[in-house]
Amino acid sequence: MMEQMVASVISKIIKISCIESWYFQELPEGFKYPSLYFPIECITKDDTLDTYIVCYMIFMKIFQLHTYEANETAFKIIHELNRHKNKIEILNEDGATTDSYIRLSEMKMSKLDEGVVQLQLTWNTPFLFETMEPIKVQNFTFNLLKK
């Protein structure tokens with residue numbers, strides 16, 4: 001099952017690119033051109049006493065027959081995301097938009113090979129630590145020694 005924010009970002013990218021072949025697992029032998037491949041990583045780090053941050057990174061690869069075509073697709077995606085202030089609406093399970101969004105903090109593009117361009121999309125999302133109800137004590141004693 002794909003995480004809701006990640007699925008929302010990937011859905012937006014697919015709509016912008018108009019590419020109909022996508023891969024999420026390992027690339028199969030003889031995969032189709034043009035296509036998109038979406039490996040996903042995340043890092044967690046503490047933020048405040050009550051929250052931690054998950055830094056999501058999608059290292060999307062764009063496969064075309066020629067590098068200039070892959071570059072054009074990457075620029076199209078970057079331009080369209082920038083037009084919307086790098087905001088992507090979060091979708092619910094049936095694909096309808098919610099009132100929430102994420103904002104991309106970084107986009108990087110680089111050529112990997114002939115006809116292959118990588119577009120790295122990064123965003124940070126804070127989450128609350130799961131808090132446990134404190135155990136309440138009715139009786140307690142201190143073992144203090146008088147000197």
# chains A, B, ... in the order shown; residues from 1 in each chain; ligands from 1
>>> select_by_dssp(residues="segment 22-141 of chain A", states="helix (DSSP H, G or I)", output="ChimeraX atom specification")
/A:67-83
>>> write_last_selection(atoms="all heavy atoms", output="tab-separated table (two decimals), in the first residue's frame")
chain	number	residue	atom	x	y	z
A	67	THR	N	17.77	11.88	-24.76
A	67	THR	CA	17.94	12.70	-23.56
A	67	THR	C	17.14	13.99	-23.64
A	67	THR	O	16.54	14.41	-22.65
A	67	THR	CB	19.43	13.00	-23.32
A	67	THR	OG1	20.14	11.76	-23.22
A	67	THR	CG2	19.64	13.79	-22.05
A	68	TYR	N	17.12	14.62	-24.80
A	68	TYR	CA	16.40	15.89	-24.90
A	68	TYR	C	14.90	15.71	-24.61
A	68	TYR	O	14.27	16.59	-24.05
A	68	TYR	CB	16.63	16.58	-26.25
A	68	TYR	CG	15.92	15.95	-27.43
A	68	TYR	CD1	14.63	16.33	-27.77
A	68	TYR	CD2	16.55	14.98	-28.21
A	68	TYR	CE1	13.97	15.76	-28.84
A	68	TYR	CE2	15.89	14.41	-29.28
A	68	TYR	CZ	14.61	14.79	-29.60
A	68	TYR	OH	13.97	14.22	-30.66
A	69	GLU	N	14.33	14.56	-24.96
A	69	GLU	CA	12.93	14.29	-24.66
A	69	GLU	C	12.72	14.12	-23.15
A	69	GLU	O	11.75	14.62	-22.58
A	69	GLU	CB	12.44	13.03	-25.38
A	69	GLU	CG	12.41	13.17	-26.89
A	69	GLU	CD	12.18	11.84	-27.59
A	69	GLU	OE1	12.77	10.82	-27.15
A	69	GLU	OE2	11.39	11.83	-28.55
A	70	ALA	N	13.64	13.43	-22.50
A	70	ALA	CA	13.56	13.25	-21.05
A	70	ALA	C	13.73	14.59	-20.34
A	70	ALA	O	13.02	14.88	-19.36
A	70	ALA	CB	14.62	12.25	-20.58
A	71	ASN	N	14.65	15.43	-20.84
A	71	ASN	CA	14.82	16.78	-20.29
A	71	ASN	C	13.55	17.60	-20.44
A	71	ASN	O	13.14	18.30	-19.51
A	71	ASN	CB	15.98	17.51	-20.97
A	71	ASN	CG	17.33	17.13	-20.43
A	71	ASN	OD1	17.45	16.75	-19.26
A	71	ASN	ND2	18.34	17.21	-21.26
A	72	GLU	N	12.93	17.54	-21.61
A	72	GLU	CA	11.69	18.30	-21.84
A	72	GLU	C	10.60	17.87	-20.87
A	72	GLU	O	9.88	18.71	-20.33
A	72	GLU	CB	11.21	18.10	-23.28
A	72	GLU	CG	12.03	18.87	-24.30
A	72	GLU	CD	11.58	18.60	-25.73
A	72	GLU	OE1	10.64	17.77	-25.95
A	72	GLU	OE2	12.17	19.20	-26.63
A	73	THR	N	10.49	16.57	-20.62
A	73	THR	CA	9.48	16.07	-19.68
A	73	THR	C	9.78	16.57	-18.27
A	73	THR	O	8.88	17.03	-17.56
A	73	THR	CB	9.44	14.53	-19.70
A	73	THR	OG1	9.12	14.09	-21.02
A	73	THR	CG2	8.40	14.00	-18.72
A	74	ALA	N	11.05	16.51	-17.86
A	74	ALA	CA	11.43	16.99	-16.52
A	74	ALA	C	11.16	18.48	-16.38
A	74	ALA	O	10.61	18.91	-15.36
A	74	ALA	CB	12.91	16.68	-16.27
A	75	PHE	N	11.52	19.28	-17.39
A	75	PHE	CA	11.26	20.72	-17.33
A	75	PHE	C	9.76	21.01	-17.29
A	75	PHE	O	9.32	21.92	-16.58
A	75	PHE	CB	11.89	21.44	-18.53
A	75	PHE	CG	13.37	21.66	-18.38
A	75	PHE	CD1	14.24	21.22	-19.38
A	75	PHE	CD2	13.91	22.30	-17.28
A	75	PHE	CE1	15.60	21.42	-19.26
A	75	PHE	CE2	15.27	22.49	-17.15
A	75	PHE	CZ	16.11	22.06	-18.14
A	76	LYS	N	8.98	20.24	-18.01
A	76	LYS	CA	7.52	20.40	-18.00
A	76	LYS	C	6.97	20.17	-16.59
A	76	LYS	O	6.15	20.93	-16.09
A	76	LYS	CB	6.90	19.42	-18.99
A	76	LYS	CG	5.40	19.45	-19.06
A	76	LYS	CD	4.90	18.42	-20.08
A	76	LYS	CE	3.40	18.33	-20.12
A	76	LYS	NZ	2.92	17.31	-21.05
A	77	ILE	N	7.46	19.12	-15.93
A	77	ILE	CA	7.02	18.80	-14.57
A	77	ILE	C	7.44	19.91	-13.60
A	77	ILE	O	6.63	20.41	-12.82
A	77	ILE	CB	7.58	17.44	-14.12
A	77	ILE	CG1	6.94	16.32	-14.95
A	77	ILE	CG2	7.35	17.21	-12.62
A	77	ILE	CD1	7.64	14.97	-14.83
A	78	ILE	N	8.71	20.32	-13.66
A	78	ILE	CA	9.21	21.37	-12.76
A	78	ILE	C	8.44	22.67	-12.97
A	78	ILE	O	8.02	23.31	-12.01
A	78	ILE	CB	10.73	21.59	-12.98
A	78	ILE	CG1	11.51	20.38	-12.46
A	78	ILE	CG2	11.19	22.87	-12.31
A	78	ILE	CD1	12.97	20.39	-12.84
A	79	HIS	N	8.25	23.05	-14.22
A	79	HIS	CA	7.54	24.30	-14.52
A	79	HIS	C	6.11	24.27	-13.98
A	79	HIS	O	5.66	25.24	-13.35
A	79	HIS	CB	7.54	24.55	-16.04
A	79	HIS	CG	6.79	25.78	-16.43
A	79	HIS	ND1	7.23	27.06	-16.15
A	79	HIS	CD2	5.60	25.92	-17.07
A	79	HIS	CE1	6.35	27.93	-16.60
A	79	HIS	NE2	5.35	27.27	-17.17
A	80	GLU	N	5.42	23.17	-14.20
A	80	GLU	CA	4.03	23.08	-13.74
A	80	GLU	C	3.95	23.10	-12.22
A	80	GLU	O	3.07	23.75	-11.65
A	80	GLU	CB	3.38	21.81	-14.30
A	80	GLU	CG	1.90	21.70	-14.01
A	80	GLU	CD	1.05	22.78	-14.64
A	80	GLU	OE1	1.47	23.39	-15.66
A	80	GLU	OE2	-0.05	23.04	-14.11
A	81	LEU	N	4.86	22.43	-11.54
A	81	LEU	CA	4.86	22.45	-10.07
A	81	LEU	C	5.20	23.84	-9.55
A	81	LEU	O	4.59	24.32	-8.58
A	81	LEU	CB	5.84	21.41	-9.53
A	81	LEU	CG	5.44	19.96	-9.79
A	81	LEU	CD1	6.56	19.01	-9.38
A	81	LEU	CD2	4.14	19.60	-9.08
A	82	ASN	N	6.16	24.52	-10.18
A	82	ASN	CA	6.51	25.88	-9.77
A	82	ASN	C	5.33	26.84	-9.96
A	82	ASN	O	5.13	27.75	-9.15
A	82	ASN	CB	7.71	26.39	-10.55
A	82	ASN	CG	9.02	25.86	-10.02
A	82	ASN	OD1	9.16	25.57	-8.83
A	82	ASN	ND2	9.99	25.69	-10.90
A	83	ARG	N	4.56	26.66	-11.02
A	83	ARG	CA	3.40	27.52	-11.27
A	83	ARG	C	2.41	27.48	-10.11
A	83	ARG	O	1.67	28.43	-9.89
A	83	ARG	CB	2.68	27.09	-12.57
A	83	ARG	CG	3.38	27.52	-13.82
A	83	ARG	CD	2.57	27.21	-15.09
A	83	ARG	NE	1.24	27.81	-15.01
A	83	ARG	CZ	0.10	27.13	-15.15
A	83	ARG	NH1	0.12	25.84	-15.38
A	83	ARG	NH2	-1.06	27.74	-15.09
>>> closest_atom_pairs(of="segment 43-86 of chain A", to="segment 20-39 of chain A", cutoff="8 Å", atoms="only C-alpha atoms", output="tab-separated table")
residue	atom	partner	partner_atom	distance
A:Ile58	CA	A:Pro39	CA	6.0
A:Phe59	CA	A:Pro39	CA	5.7
A:Met60	CA	A:Phe38	CA	4.7
A:Lys61	CA	A:Tyr37	CA	5.1
A:Ile62	CA	A:Leu36	CA	4.9
A:Phe63	CA	A:Ser35	CA	5.2
A:Gln64	CA	A:Pro34	CA	4.6
A:Leu65	CA	A:Tyr33	CA	6.7
>>> atom_distance(atom1="atom CA of Ala7 of chain A", atom2="atom CA of Leu91 of chain A")
7.9 Å
>>> residues_around(residues="Val9 of chain A", least_positions_apart="6", cutoff="9 Å", atoms="only C-alpha atoms", output="VMD selection string")
chain A and resid 88 to 90 102
>>> select_by_dssp(residues="segment 13-144 of chain A", states="strand (DSSP E or B)", output="MDAnalysis selection string")
chainID A and resid 22:23 35:37 40:46 51:63 87:91 97:103 106:113 116:128
>>> atom_distance(atom1="atom CA of Gly95 of chain A", atom2="atom CA of Glu3 of chain A")
13.2 Å
>>> closest_residue(among="A:Lys15, A:Tyr56, A:Pro126, A:Leu119", to="Ser105 of chain A", atoms="only C-alpha atoms")
A:Tyr56
>>> atom_distance(atom1="atom CA of His66 of chain A", atom2="atom CA of Ile14 of chain A")
19.4 Å
>>> residues_around(residues="Cys55 of chain A", least_positions_apart="5", cutoff="9 Å", atoms="only C-alpha atoms", output="list in words")
Glu41, Cys42, Ile43, Thr44, Lys45, Thr122, Trp123, Asn124, Thr125 and Pro126 of chain A
>>> closest_residue(among="A:Ser17, A:Asp47, A:Ser11, A:Gln4", to="Phe127 of chain A", atoms="only C-alpha atoms")
A:Asp47
>>> residues_around(residues="Phe129 of chain A", least_positions_apart="3", cutoff="8 Å", atoms="only C-alpha atoms", output="count of residues only")
3
